[in-house]
$ cat target-v8.cif   # mmCIF, C-alpha atoms
data_entry
#
loop_
_atom_site.label_atom_id
_atom_site.label_comp_id
_atom_site.auth_asym_id
_atom_site.auth_seq_id
_atom_site.Cartn_x
_atom_site.Cartn_y
_atom_site.Cartn_z
CA MET A 189 18.18 -15.22 -19.35
CA ILE A 190 18.44 -11.85 -17.61
CA LEU A 191 18.86 -8.61 -19.51
CA ALA A 192 20.28 -5.40 -18.16
CA CYS A 193 21.23 -2.08 -19.68
CA CYS A 194 23.05 1.04 -18.68
CA VAL A 195 23.23 4.74 -19.22
CA VAL A 196 26.26 6.91 -18.74
CA GLY A 197 27.23 6.91 -15.08
CA ALA A 198 25.20 3.82 -14.18
CA ALA A 199 26.46 0.42 -13.20
CA CYS A 200 26.50 -1.98 -16.12
CA GLY A 201 26.04 -5.70 -16.57
CA ARG A 202 23.44 -8.33 -15.98
CA ILE A 203 21.75 -8.82 -12.65
CA GLY A 204 24.00 -10.86 -10.41
CA PHE A 205 22.01 -13.76 -9.08
CA ALA A 206 23.30 -14.68 -5.69
CA GLU A 207 22.26 -17.66 -3.64
CA ARG A 208 19.03 -19.52 -3.29
CA GLY A 209 17.25 -18.14 -0.38
CA GLY A 210 11.16 -18.47 0.09
CA SER A 211 0.84 -18.21 -2.52
CA GLY A 212 -3.18 -17.59 -4.92
CA THR A 213 -6.38 -17.62 -3.25
CA GLY A 214 -6.75 -14.01 -2.16
CA ASP A 215 -7.84 -15.15 1.27
CA GLY A 216 -6.58 -12.36 3.46
CA GLY A 217 -6.20 -9.11 1.55
CA ASP A 218 -8.40 -6.25 0.56
CA ARG A 219 -7.71 -5.59 -3.11
CA ASP A 220 -10.09 -2.64 -3.09
CA ALA A 221 -8.44 -0.86 -0.14
CA MET A 222 -7.01 2.10 -1.99
CA VAL A 223 -4.19 4.27 -0.76
CA GLY A 224 -5.09 7.92 -0.84
CA ASP A 225 -8.75 7.75 -1.84
CA GLY A 226 -10.21 8.32 1.60
CA GLY A 227 -11.95 4.98 1.83
CA ALA A 228 -12.21 2.77 4.87
CA GLY A 229 -9.04 0.85 5.62
CA ASP A 230 -6.80 3.15 3.62
CA GLY A 231 -3.09 3.26 4.18
CA PRO A 232 -1.11 6.53 4.08
CA PRO A 233 -1.96 8.89 1.21
CA ALA A 234 -0.22 7.96 -2.03
CA ALA A 235 0.86 11.00 -4.00
CA SER A 236 0.96 9.05 -7.26
CA CYS A 237 -2.66 7.92 -7.19
CA PRO A 238 -4.99 10.91 -7.66
CA GLY A 239 -5.90 11.24 -11.30
CA VAL A 240 -4.20 8.04 -12.43
CA ALA A 241 -6.34 6.06 -14.87
CA ALA A 242 -7.44 2.54 -13.93
CA THR A 243 -5.17 0.66 -16.33
CA CYS A 244 -4.03 -2.28 -14.19
CA GLY A 245 -5.27 -5.82 -13.55
CA PRO A 246 -6.23 -8.64 -15.92
CA SER A 247 -8.44 -6.52 -18.18
CA GLY A 248 -6.55 -3.23 -17.82
CA THR A 249 -9.47 -1.56 -16.06
CA SER A 250 -8.54 -2.00 -12.40
CA PRO A 251 -7.27 0.83 -10.17
CA CYS A 252 -3.48 0.68 -9.79
CA CYS A 253 -3.21 1.81 -6.16
CA GLY A 254 -4.41 -0.89 -3.75
CA SER A 255 -2.22 -1.58 -0.71
CA PRO A 256 -3.49 -4.57 1.31
CA LEU A 257 -2.55 -5.09 4.93
CA VAL A 258 -0.10 -7.91 5.54
CA PRO A 259 -0.53 -9.21 9.12
CA GLY A 260 2.87 -9.77 10.69
CA GLY A 261 4.26 -13.03 11.97
CA THR A 262 7.26 -15.34 12.00
CA TYR A 263 8.58 -17.48 9.15
CA TYR A 264 11.81 -18.76 7.62
CA ARG A 265 13.58 -16.62 5.05
CA SER A 266 14.71 -18.32 1.83
CA TYR A 267 12.77 -21.48 2.65
CA ASP A 268 9.72 -23.06 1.12
CA LEU A 269 7.80 -26.34 1.24
CA GLY A 270 8.10 -27.09 -2.47
CA THR A 271 8.01 -30.80 -3.26
CA ASP A 272 11.36 -30.52 -5.03
CA SER A 273 13.12 -29.44 -1.81
CA ALA A 274 14.93 -26.72 -3.77
CA TYR A 275 14.88 -24.30 -0.84
CA PRO A 276 15.26 -26.44 2.30
CA ASP A 277 17.24 -24.08 4.58
CA MET A 278 15.42 -23.29 7.85
CA SER A 279 18.36 -21.52 9.48
CA SER A 280 17.09 -17.94 9.02
CA PRO A 281 13.89 -17.30 10.97
CA ALA A 282 12.46 -13.80 10.88
CA THR A 283 9.64 -11.87 12.50
CA VAL A 284 7.95 -8.95 10.79
CA GLY A 285 5.28 -6.62 12.09
CA ASP A 286 2.09 -5.59 10.30
CA PHE A 287 2.66 -3.58 7.14
CA ARG A 288 0.93 -2.68 3.90
CA LEU A 289 2.36 -3.74 0.57
CA ASP A 290 1.11 -2.32 -2.70
CA THR A 291 -0.99 -4.71 -4.76
CA TYR A 292 0.91 -3.94 -7.94
CA GLU A 293 4.37 -3.07 -9.08
CA VAL A 294 4.71 0.66 -9.69
CA SER A 295 3.18 1.38 -13.08
CA VAL A 296 4.33 3.80 -15.75
CA GLY A 297 1.24 5.90 -15.05
CA ARG A 298 2.07 6.27 -11.38
CA PHE A 299 5.71 7.06 -12.10
CA ARG A 300 4.57 9.75 -14.54
CA GLN A 301 2.98 11.59 -11.61
CA PHE A 302 6.37 11.55 -9.88
CA VAL A 303 8.10 12.92 -12.97
CA ASN A 304 5.44 15.57 -13.54
CA ALA A 305 5.89 16.71 -9.95
CA GLY A 306 9.57 17.29 -10.67
CA MET A 307 10.68 14.75 -8.09
CA GLY A 308 13.51 12.24 -7.96
CA THR A 309 16.28 14.54 -9.13
CA GLN A 310 19.20 16.39 -7.58
CA GLN A 311 17.11 19.55 -7.90
CA ASN A 312 14.30 18.05 -5.80
CA PRO A 313 15.50 15.05 -3.77
CA PRO A 314 13.92 13.53 -0.66
CA SER A 315 14.85 15.24 2.57
CA ALA A 316 17.47 13.59 4.74
CA GLY A 317 15.90 10.81 6.81
CA ALA A 318 12.69 10.67 4.78
CA GLY A 319 11.14 7.21 4.87
CA ALA A 320 12.84 6.23 8.12
CA ARG A 321 11.14 3.83 10.51
CA THR A 322 11.94 1.41 13.32
CA LEU A 323 14.27 -1.33 12.07
CA ASN A 324 16.66 -3.61 13.90
CA GLY A 325 15.11 -2.44 17.17
CA LEU A 326 16.08 1.19 16.59
CA ALA A 327 13.95 4.17 15.61
CA ASN A 328 14.60 6.36 12.57
CA GLN A 329 16.39 3.76 10.48
CA GLY A 330 16.53 3.18 6.71
CA GLY A 331 15.61 6.70 5.65
CA TRP A 332 17.05 8.72 2.79
CA ALA A 333 20.75 9.53 3.16
CA ALA A 334 21.83 12.92 1.87
CA THR A 335 24.82 11.29 0.15
CA TRP A 336 22.44 9.39 -2.14
CA THR A 337 21.25 12.60 -3.79
CA ALA A 338 24.35 12.67 -5.99
CA SER A 339 23.18 9.38 -7.52
CA LEU A 340 19.94 10.93 -8.80
CA ALA A 341 19.61 12.50 -12.24
CA THR A 342 20.50 16.18 -12.30
CA ASP A 343 17.05 17.33 -13.40
CA THR A 344 13.78 16.06 -14.86
CA ALA A 345 15.04 16.11 -18.44
CA ALA A 346 18.00 13.96 -17.44
CA LEU A 347 15.73 11.55 -15.55
CA VAL A 348 13.43 11.14 -18.54
CA ALA A 349 16.41 10.48 -20.79
CA ALA A 350 17.86 7.96 -18.35
CA VAL A 351 14.74 5.81 -18.02
CA LYS A 352 14.73 5.24 -21.78
CA CYS A 353 17.63 2.85 -21.27
CA THR A 354 17.20 0.45 -24.20
CA GLN A 355 14.76 -1.59 -26.25
CA GLY A 356 12.19 -2.97 -23.85
CA GLN A 357 11.87 0.18 -21.75
CA THR A 358 8.31 0.79 -20.59
CA TRP A 359 8.44 4.59 -20.28
CA THR A 360 6.92 6.75 -23.01
CA ASP A 361 7.32 10.52 -23.10
CA THR A 362 3.57 11.01 -23.44
CA PRO A 363 0.81 8.81 -22.01
CA ALA A 364 0.08 5.89 -24.33
CA ALA A 365 -0.63 2.18 -24.16
CA ASN A 366 2.11 1.53 -21.58
CA GLU A 367 0.53 3.31 -18.59
CA GLY A 368 -0.40 -0.01 -16.95
CA LEU A 369 2.98 -1.66 -17.51
CA PRO A 370 5.50 -1.84 -14.68
CA MET A 371 8.01 0.99 -14.75
CA ASN A 372 11.50 -0.34 -15.47
CA CYS A 373 15.00 1.07 -16.14
CA ILE A 374 14.88 2.52 -12.62
CA THR A 375 17.81 2.67 -10.21
CA TRP A 376 17.44 1.74 -6.55
CA TYR A 377 17.84 5.41 -5.65
CA GLU A 378 14.91 6.42 -7.85
CA ALA A 379 12.75 3.61 -6.50
CA MET A 380 13.55 4.71 -2.97
CA ALA A 381 12.86 8.37 -3.77
CA PHE A 382 9.53 7.46 -5.38
CA CYS A 383 8.30 5.43 -2.41
CA VAL A 384 9.24 8.17 0.05
CA TRP A 385 7.42 10.79 -2.05
CA ASP A 386 4.46 8.42 -2.42
CA GLY A 387 3.94 8.19 1.33
CA GLY A 388 5.66 4.86 1.90
CA PHE A 389 9.05 3.17 1.75
CA LEU A 390 10.76 0.28 0.05
CA PRO A 391 9.89 -3.04 1.73
CA THR A 392 12.66 -4.78 3.58
CA GLU A 393 13.84 -8.05 2.09
CA ALA A 394 12.26 -9.87 5.06
CA GLU A 395 8.89 -8.15 4.50
CA TRP A 396 8.91 -8.89 0.78
CA ASN A 397 9.80 -12.56 1.30
CA TYR A 398 7.13 -12.88 4.01
CA ALA A 399 4.41 -11.61 1.67
CA ALA A 400 5.51 -13.92 -1.17
CA ALA A 401 5.72 -16.93 1.15
CA GLY A 402 2.22 -16.38 2.51
CA GLY A 403 3.82 -15.80 5.90
CA SER A 404 4.31 -18.96 7.93
CA GLU A 405 2.67 -21.03 5.17
CA GLN A 406 6.07 -21.00 3.39
CA ARG A 407 4.51 -21.24 -0.06
CA ALA A 408 6.70 -22.32 -2.97
CA PHE A 409 5.06 -19.78 -5.25
CA PRO A 410 2.90 -16.89 -4.03
CA TRP A 411 -0.23 -18.74 -5.31
CA SER A 412 0.73 -22.24 -4.05
CA VAL A 413 -2.15 -23.96 -2.29
CA PRO A 414 -1.16 -26.31 -0.79
CA ALA A 415 2.09 -24.54 0.04
CA SER A 416 4.14 -27.37 -1.45
CA SER A 417 2.51 -27.14 -4.89
CA LEU A 418 4.85 -26.40 -7.78
CA THR A 419 2.08 -25.73 -10.28
CA VAL A 420 3.16 -22.88 -12.53
CA ASP A 421 2.43 -21.79 -16.08
CA CYS A 422 1.87 -18.52 -17.92
CA SER A 423 -1.55 -18.09 -16.34
CA HIS A 424 0.28 -17.57 -13.01
CA ALA A 425 3.30 -15.46 -13.89
CA ASN A 426 5.14 -13.70 -16.68
CA GLY A 427 8.47 -15.51 -16.85
CA LEU A 428 10.55 -18.02 -18.73
CA ILE A 429 8.35 -20.97 -17.85
CA TYR A 430 9.71 -24.34 -18.90
CA THR A 431 11.94 -22.76 -21.60
CA ASN A 432 9.15 -20.62 -23.10
CA TYR A 433 8.75 -16.88 -22.57
CA CYS A 434 5.23 -16.00 -21.51
CA ALA A 435 5.29 -12.61 -23.26
CA ASN A 436 7.16 -11.98 -26.52
CA PRO A 437 8.44 -15.44 -27.52
CA LEU A 438 11.72 -14.06 -28.88
CA MET A 439 13.17 -12.57 -25.70
CA GLY A 440 10.39 -11.91 -23.22
CA GLU A 441 8.99 -8.57 -22.13
CA ALA A 442 7.04 -6.93 -19.31
CA ASN A 443 3.27 -7.10 -19.45
CA ARG A 444 0.53 -5.13 -17.69
CA VAL A 445 0.74 -5.34 -13.91
CA GLY A 446 -1.82 -7.79 -12.59
CA SER A 447 -2.28 -9.50 -15.97
CA GLU A 448 -2.26 -12.91 -14.27
CA SER A 449 -4.64 -11.93 -11.46
CA PRO A 450 -6.24 -13.52 -9.61
CA VAL A 451 -4.68 -16.88 -10.57
CA GLY A 452 -1.15 -15.71 -9.80
CA ASP A 453 -1.92 -13.64 -6.72
CA GLY A 454 -0.45 -14.24 -3.29
CA LYS A 455 -2.15 -14.90 0.03
CA TRP A 456 -2.94 -11.23 0.57
CA ASP A 457 -3.98 -10.50 -3.04
CA HIS A 458 -0.65 -9.14 -4.28
CA ALA A 459 0.00 -9.54 -7.99
CA ASP A 460 3.31 -10.21 -9.74
CA LEU A 461 5.27 -11.26 -6.68
CA ALA A 462 6.65 -13.82 -9.11
CA GLY A 463 7.91 -12.68 -12.50
CA ASN A 464 7.11 -9.69 -14.70
CA VAL A 465 9.83 -7.45 -13.25
CA ALA A 466 12.14 -8.23 -10.35
CA GLU A 467 11.78 -5.84 -7.43
CA TRP A 468 14.21 -3.67 -5.48
CA THR A 469 14.07 -3.98 -1.69
CA LEU A 470 15.52 -1.72 0.99
CA ASP A 471 18.33 -4.04 2.06
CA TRP A 472 21.93 -4.13 1.05
CA TYR A 473 22.81 -7.62 -0.14
CA ALA A 474 25.00 -9.96 1.87
CA ALA A 475 25.47 -13.71 1.47
CA SER A 476 23.98 -14.30 4.92
CA TYR A 477 20.92 -12.67 6.41
CA PRO A 478 21.03 -10.36 9.45
CA THR A 479 20.36 -12.50 12.52
CA PRO A 480 18.47 -12.40 14.80
CA CYS A 481 15.68 -10.79 12.82
CA ASP A 482 12.73 -9.02 14.41
CA GLY A 483 11.81 -6.17 12.11
CA CYS A 484 15.26 -6.35 10.62
CA ALA A 485 16.96 -4.97 7.53
CA ASP A 486 20.55 -5.17 6.32
CA LEU A 487 21.61 -1.52 6.42
CA THR A 488 25.36 -2.18 6.27
CA ALA A 489 26.68 -0.64 3.07
CA ALA A 490 27.84 -3.16 0.46
CA THR A 491 28.15 -3.26 -3.32
CA SER A 492 24.62 -4.41 -4.23
CA ARG A 493 21.01 -4.16 -3.09
CA ALA A 494 18.76 -7.18 -2.63
CA ILE A 495 16.26 -7.93 -5.39
CA ARG A 496 13.34 -10.35 -5.13
CA GLY A 497 10.70 -11.98 -7.29
CA GLY A 498 12.48 -12.57 -10.58
CA GLY A 499 11.48 -11.06 -13.89
CA PHE A 500 10.13 -12.00 -17.29
CA GLY A 501 13.49 -13.47 -18.30
CA ASN A 502 13.78 -15.79 -15.29
CA ASN A 503 12.81 -19.43 -15.11
CA GLU A 504 10.38 -21.09 -12.74
CA LEU A 505 13.06 -21.71 -10.07
CA MET A 506 14.15 -18.07 -10.06
CA ILE A 507 10.66 -16.64 -9.64
CA ARG A 508 10.09 -18.63 -6.45
CA GLY A 509 9.57 -16.47 -3.37
CA ALA A 510 12.65 -17.97 -1.73
CA PHE A 511 15.06 -16.95 -4.48
CA ARG A 512 17.43 -14.04 -3.90
CA ALA A 513 19.14 -11.80 -6.42
CA SER A 514 21.25 -8.67 -6.20
CA SER A 515 22.46 -5.78 -8.31
CA PRO A 516 24.39 -2.53 -7.75
CA PRO A 517 21.97 0.24 -6.81
CA ALA A 518 22.80 2.34 -9.91
CA THR A 519 21.76 -0.48 -12.28
CA ARG A 520 19.13 0.28 -14.91
CA SER A 521 17.52 -2.81 -16.32
CA ILE A 522 14.38 -3.62 -18.26
CA VAL A 523 13.78 -6.53 -15.88
CA ILE A 524 13.93 -4.55 -12.60
CA GLY A 525 11.05 -2.57 -11.10
CA TRP A 526 9.66 -2.19 -7.59
CA ARG A 527 6.63 -1.74 -5.37
CA CYS A 528 6.21 0.28 -2.18
CA ALA A 529 5.38 -0.75 1.37
CA ARG A 530 3.52 1.43 3.85
CA ALA A 531 2.78 1.76 7.54
CA PRO A 532 -0.20 -0.34 8.64
#

$ encode --input "target-v8.cif" --output "structure tokens"
Amino acid sequence: MILACCVVGAACGRIGFAERGGSGTGDGGDRDAMVGDGGAGDGPPAASCPGVAATCGPSGTSPCCGSPLVPGGTYYRSYDLGTDSAYPDMSSPATVGDFRLDTYEVSVGRFRQFVNAGMGTQQNPPSAGAGARTLNGLANQGGWAATWTASLATDTAALVAAVKCTQGQTWTDTPAANEGLPMNCITWYEAMAFCVWDGGFLPTEAEWNYAAAGGSEQRAFPWSVPASSLTVDCSHANGLIYTNYCANPLMGEANRVGSESPVGDGKWDHADLAGNVAEWTLDWYAASYPTPCDGCADLTAATSRAIRGGGFGNNELMIRGAFRASSPPATRSIVIGWRCARAP
């Protein structure tokens, strides 16, 4: 089951699952490489991190701002080696360069920094082109478009009202027990604006899938070792696992980011690449992938943006790294969140 909710002016309905598309030992990442703390191996400064309490991870005491390096390579999109052969399509190879991907989904605490800074509104939007990089072989691609500003809330008060979209929202008006939960009820535009402000950008669909697949290992789940293993239970991911919700048995709910670490982590120590909340990516959604793909992204405007990873209401097949979903970019849902990528 997937739940979605709307506010006035937002797209309504449940997430539209599209087609089937494709880790955890923690063998390649640096969980302690923090963005913005000045330590060795840091990525770009993250505006959301200074002063944020360490409320993430399995015990709720881990810093929320790691961003491990993902070494680039070539793999097959929407394919995995699972023993059930559920995702057998090897027709969409892709190459990605090195990038950093945040360890955790964006938490309520980090998003609060964004709100307190007055960002993500029509009064204070990203500048045109912010977040652009080389994609599809061309420089300055995928950055903020000035036309998107009209899709942001008018001001901070309107943004705060909008993110309280329904029962199951994670936002609270004042800091409380939810600071380590993934922020939900966020549109694609707000996710994009946050990542740009935070010193990064939304990952492309190819980058996200690569991290979840363990690169060329083509893992069935982010933690699958061997790659063909279909072992999954609530110690790995927050989802609808074999007909049972892992959190809140009545309808499921988000839990603290990194709650299933390190058991459910991917090859490069990323948490929650399967379940908890599904994640916005940069790409517009199309039934077929852009091909050929060497640092590619689908930037051709369509009706929906690509979503990966599945959420707490999705079953074990839908939280596989190979699975694709989509939703209109103005959607607000308690099962959609995001994480940021960064330059290496």

$ resolve_selection --input "target-v8.cif" --expression "the PyMOL selection byres ((chain A and resi 408-414) around 10)" --output "PyMOL selection string"
chain A and resi 210-214+267-275+397-402+405-407+415-420+424-425+450-462+497+504-505+507-510

$ closest_residue --input "target-v8.cif" --among "A:Thr360, A:Ser255, A:Ser521, A:Gln311" --to "A:Gly499" --atoms "all atoms listed in the file"
A:Ser521

$ closest_residue --input "target-v8.cif" --among "A:Tyr292, A:Tyr377, A:Trp359, A:Trp336" --to "A:Val465" --atoms "all atoms listed in the file"
A:Tyr292

$ closest_residue --input "target-v8.cif" --among "A:Glu395, A:Met371, A:Asn502, A:Asp486" --to "A:Cys434" --atoms "all atoms listed in the file"
A:Asn502

$ resolve_selection --input "target-v8.cif" --expression "the PyMOL selection byres ((chain A and resi 337) around 10)" --output "list in words"
Gly308, Thr309, Gln310, Gln311, Asn312, Pro313, Pro314, Ser315, Ala316, Trp332, Ala333, Ala334, Thr335, Trp336, Ala338, Ser339, Leu340, Ala341, Thr342, Tyr377, Glu378 and Ala381 of chain A

$ decode --input "target-v8.cif" --residues "stretch 394-415 of chain A" --atoms "C-alpha atoms" --output "mmCIF file, in the first residue's frame"
data_model
loop_
_atom_site.group_PDB
_atom_site.id
_atom_site.type_symbol
_atom_site.label_atom_id
_atom_site.label_comp_id
_atom_site.auth_asym_id
_atom_site.auth_seq_id
_atom_site.Cartn_x
_atom_site.Cartn_y
_atom_site.Cartn_z
ATOM 1 C CA ALA A 394 21.326 6.539 -12.742
ATOM 2 C CA GLU A 395 23.475 7.641 -9.780
ATOM 3 C CA TRP A 396 20.874 6.580 -7.237
ATOM 4 C CA ASN A 397 20.384 3.156 -8.845
ATOM 5 C CA TYR A 398 24.161 2.660 -9.079
ATOM 6 C CA ALA A 399 24.602 3.266 -5.339
ATOM 7 C CA ALA A 400 21.730 0.910 -4.436
ATOM 8 C CA ALA A 401 23.010 -1.802 -6.771
ATOM 9 C CA GLY A 402 26.511 -1.692 -5.316
ATOM 10 C CA GLY A 403 27.710 -0.559 -8.735
ATOM 11 C CA SER A 404 28.568 -3.407 -11.081
ATOM 12 C CA GLU A 405 27.757 -5.958 -8.353
ATOM 13 C CA GLN A 406 24.069 -5.543 -9.335
ATOM 14 C CA ARG A 407 22.821 -6.341 -5.848
ATOM 15 C CA ALA A 408 19.182 -7.317 -5.398
ATOM 16 C CA PHE A 409 18.942 -5.289 -2.206
ATOM 17 C CA PRO A 410 21.504 -2.687 -1.136
ATOM 18 C CA TRP A 411 22.800 -5.116 1.549
ATOM 19 C CA SER A 412 22.775 -8.287 -0.610
ATOM 20 C CA VAL A 413 25.978 -10.272 -0.256
ATOM 21 C CA PRO A 414 26.166 -12.295 -2.415
ATOM 22 C CA ALA A 415 24.471 -9.960 -4.871
#
